[in-house]
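J.: Sharing protein16.txt (compact mmCIF, C-alpha atoms) below.
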```txt
# COMPACT_ATOMS: atom_id res chain seq x y z
CA MET A 727 -40.20 -16.82 -16.28
CA PRO A 728 -37.76 -18.10 -13.60
CA ALA A 729 -35.36 -19.14 -16.37
CA THR A 730 -35.51 -15.61 -17.80
CA GLU A 731 -34.86 -14.10 -14.39
CA GLY A 732 -31.93 -16.47 -13.83
CA LEU A 733 -30.45 -15.54 -17.20
CA GLY A 734 -30.88 -11.86 -16.41
CA LEU A 735 -29.17 -12.28 -13.03
CA LEU A 736 -26.30 -14.14 -14.70
CA LEU A 737 -25.86 -11.36 -17.24
CA VAL A 738 -25.87 -8.74 -14.48
CA LEU A 739 -23.26 -10.67 -12.48
CA ARG A 740 -21.14 -11.12 -15.59
CA ALA A 741 -21.34 -7.40 -16.39
CA PHE A 742 -20.47 -6.60 -12.78
CA ALA A 743 -17.45 -8.91 -12.91
CA SER A 744 -16.30 -7.46 -16.24
CA GLY A 745 -16.67 -3.90 -14.96
CA ALA A 746 -14.85 -4.68 -11.73
CA VAL A 747 -11.81 -5.74 -13.76
CA SER A 748 -11.24 -2.04 -14.44
CA MET A 749 -10.32 -1.65 -10.76
CA THR A 750 -7.28 -3.87 -11.17
CA GLY A 751 -3.88 -2.27 -11.02
CA ILE A 752 -4.36 -0.55 -7.67
CA GLU A 753 -2.91 -3.62 -5.98
CA ALA A 754 0.54 -2.48 -7.12
CA VAL A 755 0.41 0.26 -4.47
CA SER A 756 -0.49 -2.10 -1.62
CA ASN A 757 2.25 -4.54 -2.66
CA ALA A 758 4.86 -1.78 -2.56
CA VAL A 759 3.96 -0.13 0.77
CA PRO A 760 7.44 -0.80 2.28
CA ALA A 761 8.99 1.12 -0.64
CA PHE A 762 7.24 4.40 0.28
CA ARG A 763 8.85 7.13 2.35
CA PRO A 764 8.00 7.13 6.08
CA PRO A 765 5.30 7.07 7.26
CA GLU A 766 4.81 4.37 4.64
CA TRP A 767 1.17 3.59 5.39
CA ARG A 768 0.08 7.22 5.16
CA ASN A 769 1.86 7.93 1.86
CA ALA A 770 0.56 4.68 0.40
CA ARG A 771 -2.99 5.52 1.52
CA THR A 772 -2.77 8.96 -0.09
CA THR A 773 -1.49 7.51 -3.36
CA LEU A 774 -4.16 4.82 -3.35
CA SER A 775 -6.92 7.36 -2.64
CA TRP A 776 -5.86 9.51 -5.60
CA MET A 777 -5.68 6.46 -7.86
CA VAL A 778 -9.13 5.24 -6.89
CA GLY A 779 -10.60 8.73 -7.29
CA MET A 780 -9.18 9.19 -10.79
CA LEU A 781 -10.23 5.67 -11.75
CA VAL A 782 -13.83 6.22 -10.67
CA VAL A 783 -14.06 9.57 -12.49
CA LEU A 784 -12.60 8.15 -15.70
CA PHE A 785 -14.75 5.03 -15.60
CA ILE A 786 -18.00 6.91 -15.00
CA GLY A 787 -17.14 9.56 -17.58
CA LEU A 788 -16.33 7.02 -20.28
CA THR A 789 -19.45 5.00 -19.49
CA VAL A 790 -21.67 8.08 -19.82
CA LEU A 791 -20.01 9.21 -23.07
CA ILE A 792 -20.28 5.73 -24.61
CA HIS A 793 -23.95 5.51 -23.62
CA LEU A 794 -24.78 8.97 -24.97
CA SER A 795 -22.98 8.20 -28.23
CA GLY A 796 -24.94 4.96 -28.68
CA LEU A 797 -21.82 2.86 -29.18
CA VAL A 798 -21.81 -0.92 -28.86
CA PRO A 799 -18.90 -3.40 -28.75
CA THR A 800 -17.73 -4.78 -32.09
CA PRO A 801 -15.04 -7.35 -32.91
CA GLU A 802 -13.24 -4.96 -35.25
CA LYS A 803 -12.78 -1.93 -32.97
CA THR A 804 -12.74 -1.28 -29.21
CA LEU A 805 -15.23 1.05 -27.56
CA LEU A 806 -12.47 3.54 -26.78
CA ALA A 807 -11.45 3.61 -30.43
CA GLN A 808 -15.07 4.08 -31.50
CA LEU A 809 -15.53 6.90 -29.00
CA ALA A 810 -12.33 8.60 -30.14
CA ARG A 811 -13.40 8.35 -33.81
CA ALA A 812 -16.88 9.71 -33.01
CA THR A 813 -15.40 12.57 -30.98
CA PHE A 814 -12.60 13.42 -33.43
CA PRO A 815 -13.78 12.47 -36.94
CA THR A 816 -10.96 14.45 -38.56
CA GLY A 817 -7.49 15.59 -37.65
CA PRO A 818 -4.65 13.92 -35.79
CA TRP A 819 -6.48 13.58 -32.46
CA PHE A 820 -7.73 10.04 -33.10
CA ALA A 821 -4.16 8.82 -33.64
CA LEU A 822 -3.01 10.67 -30.52
CA VAL A 823 -5.73 9.03 -28.42
CA GLN A 824 -4.77 5.59 -29.74
CA ALA A 825 -1.08 6.23 -29.05
CA ALA A 826 -1.88 7.46 -25.52
CA THR A 827 -4.01 4.37 -24.87
CA ALA A 828 -1.18 2.08 -26.02
CA LEU A 829 1.27 3.95 -23.77
CA ILE A 830 -1.05 3.59 -20.75
CA LEU A 831 -1.39 -0.14 -21.40
CA LEU A 832 2.39 -0.42 -21.66
CA LEU A 833 2.84 1.30 -18.31
CA ALA A 834 0.10 -0.87 -16.80
CA ALA A 835 1.90 -4.01 -17.94
CA ASN A 836 5.05 -2.69 -16.30
CA THR A 837 3.42 -2.64 -12.84
CA ALA A 838 3.82 -6.41 -12.58
CA PHE A 839 7.58 -6.08 -13.12
CA ASN A 840 7.68 -3.56 -10.28
CA GLY A 841 5.59 -5.50 -7.78
CA PHE A 842 6.09 -9.20 -8.45
CA PRO A 843 9.89 -9.36 -7.83
CA ARG A 844 9.35 -7.55 -4.52
CA LEU A 845 6.59 -10.01 -3.64
CA LEU A 846 8.95 -12.90 -4.40
CA PHE A 847 11.49 -11.24 -2.11
CA PHE A 848 9.01 -11.23 0.79
CA MET A 849 8.05 -14.84 0.08
CA ALA A 850 11.70 -15.90 -0.05
CA ARG A 851 12.40 -14.08 3.20
CA ALA A 852 9.59 -16.07 4.84
CA GLY A 853 10.91 -19.32 3.34
CA HIS A 854 8.08 -19.88 0.85
CA ALA A 855 10.15 -19.22 -2.28
CA PRO A 856 13.74 -20.05 -3.29
CA ARG A 857 16.23 -17.82 -1.50
CA ARG A 858 17.76 -16.91 -4.82
CA PHE A 859 15.01 -14.27 -5.06
CA LEU A 860 16.47 -12.47 -2.03
CA HIS A 861 19.47 -11.22 -3.99
CA MET A 862 19.63 -7.93 -5.88
CA GLY A 863 21.43 -7.49 -9.18
CA ASP A 864 24.03 -4.94 -10.18
CA ARG A 865 21.30 -2.37 -10.85
CA LEU A 866 19.87 -2.80 -7.33
CA ALA A 867 16.80 -4.62 -8.63
CA PHE A 868 15.56 -8.12 -7.94
CA SER A 869 16.89 -9.45 -11.23
CA ASN A 870 15.98 -13.09 -10.61
CA GLY A 871 12.36 -12.16 -10.03
CA LEU A 872 12.34 -10.06 -13.19
CA VAL A 873 13.76 -12.93 -15.24
CA ALA A 874 11.27 -15.41 -13.79
CA LEU A 875 8.34 -13.09 -14.53
CA ALA A 876 9.57 -12.34 -18.06
CA VAL A 877 9.91 -16.05 -18.89
CA THR A 878 6.48 -16.85 -17.43
CA ALA A 879 4.85 -13.96 -19.28
CA GLY A 880 6.46 -15.09 -22.53
CA VAL A 881 5.20 -18.65 -22.08
CA VAL A 882 1.65 -17.47 -21.33
CA PHE A 883 1.75 -15.13 -24.34
CA LEU A 884 2.84 -17.93 -26.65
CA VAL A 885 0.36 -20.47 -25.31
CA PHE A 886 -2.59 -18.09 -25.70
CA ARG A 887 -1.15 -16.59 -28.92
CA GLY A 888 -1.60 -13.07 -27.59
CA ARG A 889 -5.40 -13.20 -27.76
CA THR A 890 -6.74 -10.63 -25.30
CA GLN A 891 -10.15 -12.33 -25.09
CA ALA A 892 -8.37 -15.32 -23.56
CA LEU A 893 -5.83 -13.42 -21.46
CA ILE A 894 -8.29 -11.02 -19.77
CA PRO A 895 -10.27 -13.81 -17.97
CA LEU A 896 -6.96 -15.30 -16.88
CA TYR A 897 -5.91 -11.94 -15.47
CA ALA A 898 -9.26 -11.15 -13.85
CA VAL A 899 -9.53 -14.41 -11.93
CA GLY A 900 -5.96 -14.17 -10.66
CA VAL A 901 -6.30 -10.56 -9.52
CA PHE A 902 -9.62 -11.00 -7.73
CA LEU A 903 -8.37 -14.14 -6.04
CA ALA A 904 -5.59 -11.99 -4.57
CA PHE A 905 -8.11 -9.29 -3.62
CA THR A 906 -10.35 -11.81 -1.86
CA LEU A 907 -7.48 -13.38 0.07
CA SER A 908 -6.00 -10.03 1.10
CA GLN A 909 -9.34 -8.65 2.31
CA SER A 910 -10.09 -11.87 4.21
CA GLY A 911 -6.63 -11.71 5.74
CA MET A 912 -7.30 -8.18 6.96
CA VAL A 913 -10.50 -9.38 8.67
CA VAL A 914 -8.45 -12.00 10.53
CA HIS A 915 -5.83 -9.34 11.33
CA TRP A 916 -8.34 -6.95 12.91
CA HIS A 917 -10.02 -9.79 14.82
CA ARG A 918 -6.69 -10.82 16.35
CA ARG A 919 -5.53 -7.32 17.28
CA ARG A 920 -8.88 -5.97 18.49
CA ASP A 921 -7.67 -2.37 18.57
CA ARG A 922 -9.99 0.57 18.96
CA GLY A 923 -12.50 0.61 16.12
CA TRP A 924 -11.52 -2.85 14.91
CA ARG A 925 -15.14 -3.90 14.30
CA ARG A 926 -15.72 -1.09 11.79
CA ARG A 927 -12.47 -1.85 9.98
CA ALA A 928 -13.18 -5.57 9.95
CA ALA A 929 -16.67 -4.90 8.54
CA ILE A 930 -15.21 -2.80 5.71
CA ASN A 931 -12.69 -5.50 4.83
CA ALA A 932 -15.37 -8.18 5.08
CA LEU A 933 -17.50 -6.23 2.59
CA GLY A 934 -14.50 -5.97 0.27
CA ALA A 935 -13.84 -9.69 0.60
CA SER A 936 -17.48 -10.50 -0.19
CA LEU A 937 -17.59 -8.30 -3.31
CA SER A 938 -14.19 -9.53 -4.52
CA GLY A 939 -15.26 -13.12 -3.90
CA LEU A 940 -18.46 -12.54 -5.88
CA VAL A 941 -16.45 -11.23 -8.83
CA LEU A 942 -14.00 -14.11 -8.48
CA VAL A 943 -16.67 -16.82 -8.56
CA THR A 944 -18.59 -15.14 -11.38
CA ALA A 945 -15.50 -14.68 -13.55
CA ALA A 946 -14.23 -18.20 -12.82
CA ILE A 947 -17.56 -19.78 -13.82
CA THR A 948 -18.49 -17.63 -16.82
CA LYS A 949 -14.94 -17.40 -18.20
CA PHE A 950 -13.75 -20.90 -17.28
CA THR A 951 -13.57 -22.27 -20.80
CA GLU A 952 -12.17 -19.00 -22.18
CA GLY A 953 -8.91 -19.19 -20.22
CA ALA A 954 -9.82 -18.83 -16.55
CA TRP A 955 -9.27 -22.56 -16.05
CA VAL A 956 -5.52 -21.95 -16.09
CA VAL A 957 -5.68 -19.93 -12.86
CA VAL A 958 -8.11 -22.38 -11.26
CA VAL A 959 -5.60 -25.18 -11.89
CA ALA A 960 -2.34 -23.24 -11.46
CA VAL A 961 -3.05 -21.53 -8.12
CA PRO A 962 -3.43 -24.74 -6.06
CA LEU A 963 -0.28 -26.09 -7.73
CA LEU A 964 1.66 -22.92 -6.88
CA VAL A 965 0.42 -22.99 -3.29
CA SER A 966 1.48 -26.62 -2.98
CA LEU A 967 4.90 -25.75 -4.43
CA SER A 968 5.30 -22.86 -1.97
CA LEU A 969 4.43 -25.10 0.98
CA ALA A 970 6.86 -27.76 -0.26
CA ILE A 971 9.66 -25.17 -0.46
CA HIS A 972 8.84 -24.01 3.07
CA ARG A 973 8.98 -27.60 4.37
CA HIS A 974 12.32 -28.10 2.63
CA TYR A 975 13.85 -25.05 4.30
CA ARG A 976 12.51 -26.12 7.70
CA ARG A 977 14.03 -29.58 7.31
CA LEU A 978 17.30 -28.00 6.20
CA GLN A 979 17.30 -25.69 9.21
CA ARG A 980 16.71 -28.58 11.61
CA SER A 981 19.48 -30.59 9.97
CA LEU A 982 22.04 -27.79 10.22
CA ALA A 983 21.06 -26.57 13.69
CA LEU A 984 23.41 -27.11 16.64
CA HIS A 985 22.01 -29.40 19.33
CA PRO A 986 23.28 -29.85 22.92
CA PRO A 987 24.92 -33.18 23.80
CA PRO A 988 22.50 -35.84 25.05
CA ASP A 989 24.17 -35.94 28.51
CA GLY A 990 23.47 -32.26 29.06
CA ARG A 991 27.13 -31.13 29.23
CA ARG A 992 28.19 -27.91 27.57
CA PRO A 993 30.08 -28.48 24.32
```
Take the structure in the file and write it out as structure tokens.
T.:
Amino acid sequence: MPATEGLGLLLVLRAFASGAVSMTGIEAVSNAVPAFRPPEWRNARTTLSWMVGMLVVLFIGLTVLIHLSGLVPTPEKTLLAQLARATFPTGPWFALVQAATALILLLAANTAFNGFPRLLFFMARAGHAPRRFLHMGDRLAFSNGLVALAVTAGVVFLVFRGRTQALIPLYAVGVFLAFTLSQSGMVVHWHRRRDRGWRRRAAINALGASLSGLVLVTAAITKFTEGAWVVVVAVPLLVSLSLAIHRHYRRLQRSLALHPPPDGRRP
């Protein structure tokens, strides 16, 4: 009986982790807060609230429709395709739904090309990435970051041969690692500032960090052999590389800095 209960708990955690992956994508708004019109934080919060609201409505609605239709996952066809075929057995609507789904996925993939080069810019400005990523191209975009992301995405696509069942665990672990770190960082931020109402805000971020960490651990364990191992190995290597770049720039700054003469006279 305990083994059955443990298996049931594992399945629930795995389903929770898989369902939580649908929340990914909203991090693009938080990464691009400086790009909003002033007041940046208020406009970003409004955009994020609308995104979360639409996401929750769509997720719940699709879940209810799939359950009422009695559909189950199959290797040949996605649940969305099955639902569209069951809803529109004839006519052009099934093809329109499939085309709309492909367009949404294309736009979703484009969010990384909007956010990641800007993130590299902030890292380069802090000295944790090569300063080449500080420069904009002729089209006023961070071209070096776009090229780096395109090359990396192409390598990952070729290594995993475009298999979504291997790429989704890779994506889920990476995203929820970022969620966990950002929420934990906000807890530290509120604890240091101690403004009015900081305890409530810190508690909300601590809850977010706990839930994101639960999804992270569950996805990393259950999906480790399916592709999540790449993130588990790559993230510590990338952090080490970032710290090494930062140390290099600090040594370079000390070497090029002007120092007063040892006898104390003005140069």
J.: List the neighbours of A:Ala810 out to 10 Å using all atoms listed in the file; skip same-chain residues closer than 5 positions along the sequence, and give me the result as a PDB file with C-alpha atoms, in the coordinates of the input.
T.:
```pdb
ATOM      1  CA  THR A 804     -12.740  -1.280 -29.210  1.00  0.00           C
ATOM      2  CA  LEU A 805     -15.230   1.050 -27.560  1.00  0.00           C
ATOM      3  CA  PRO A 815     -13.780  12.470 -36.940  1.00  0.00           C
ATOM      4  CA  TRP A 819      -6.480  13.580 -32.460  1.00  0.00           C
ATOM      5  CA  PHE A 820      -7.730  10.040 -33.100  1.00  0.00           C
ATOM      6  CA  ALA A 821      -4.160   8.820 -33.640  1.00  0.00           C
ATOM      7  CA  LEU A 822      -3.010  10.670 -30.520  1.00  0.00           C
ATOM      8  CA  VAL A 823      -5.730   9.030 -28.420  1.00  0.00           C
ATOM      9  CA  GLN A 824      -4.770   5.590 -29.740  1.00  0.00           C
TER      10      GLN A 824
END
```
J.: In Å, with one decimal, what is the gap from atom CA of A:Ala876 to atom CA of A:Phe842?
T.: 10.7 Å
J.: Using all atoms listed in the file for the distances, tell me which of A:Pro895, A:Asn931, A:Ala838, A:Ala770 is nearest to A:Gly911.
T.: A:Asn931
J.: Applying 12 Å and only C-alpha atoms, which residues near A:Ala867 remain after dropping the ones on its own chain fewer than 2 positions away? List them as a VMD selection string.
T.: chain A and resid 839 to 844 847 859 to 865 869 to 873
J.: Which polymer residues have any atom within 10 Å of an atom of A:Lys949, counting only C-alpha atoms, with same-chain residues fewer than 3 positions away left out, as JSON, numbers by chain?
T.: {"A": [740, 891, 892, 894, 895, 896, 898, 899, 943, 944, 945, 946, 952, 953, 954, 955]}
J.: Please compute the atom CA of A:Thr816-atom CA of A:Val790 distance, one decimal, in Å.
T.: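 Between atom CA of A:Thr816 and atom CA of A:Val790 the gap works out to 22.5 Å.
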J.: What separation in Å, quoted to one decimal, exists between atom CA of A:Leu903 and atom CA of A:Leu833?
T.: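 Those two atoms sit 22.7 Å apart.
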J.: Of the candidates A:Ser966, A:Ser756, A:Thr890, A:Ser981, which shows the shortest atom-to-atom distance to A:Leu845, using all atoms listed in the file?
T.: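 Of the candidates, the smallest distance to A:Leu845 is held by A:Ser756.
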J.: Could you check which of A:His793, A:Gly853, A:Leu884, A:Pro818 is closest to A:Leu978, using only C-alpha atoms?
T.: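 Closest candidate: A:Gly853.
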J.: Between A:Leu942, A:Leu963, A:Leu893, A:Ala929, which has the minimum distance to A:Thr906 (counting all atoms listed in the file)?
T.: A:Leu942
J.: Can you pull out the residues contacting A:Leu797? Cut-off 12 Å, using all atoms listed in the file, and skip same-chain residues under 2 positions away; I want them as a list in words.
T.: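 The neighbour list is Leu788, Thr789, Val790, Leu791, Ile792, His793, Leu794, Ser795, Pro799, Thr800, Lys803, Thr804, Leu805, Leu806, Ala807, Gln808, Leu809, Ala810, Arg811, Ala812 and Thr813 of chain A.
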J.: Of the residues A:Ile752, A:Leu735, A:Ala852, A:Leu937, which is the one nearest to A:Tyr975, using only C-alpha atoms?
T.: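 Among the listed residues, the smallest separation from A:Tyr975 belongs to A:Ala852.
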J.: Set up a box along x, y and z of the file covering all listed atoms of stretch 844-860 of chain A, add 8 Å on every one of the six sides, and write the centre and edge lengths in Å to one decimal, as lines of an AutoDock Vina configuration file.
T.:
```
center_x = 12.2
center_y = -13.8
center_z = -0.1
size_x = 27.2
size_y = 28.5
size_z = 25.9
```
J.: When you count all atoms listed in the file, which of these residues is closest to A:Trp776: A:Val755, A:Arg927, A:Asp921, A:Leu829?
T.: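 So, comparing all the options, the nearest one is A:Val755.
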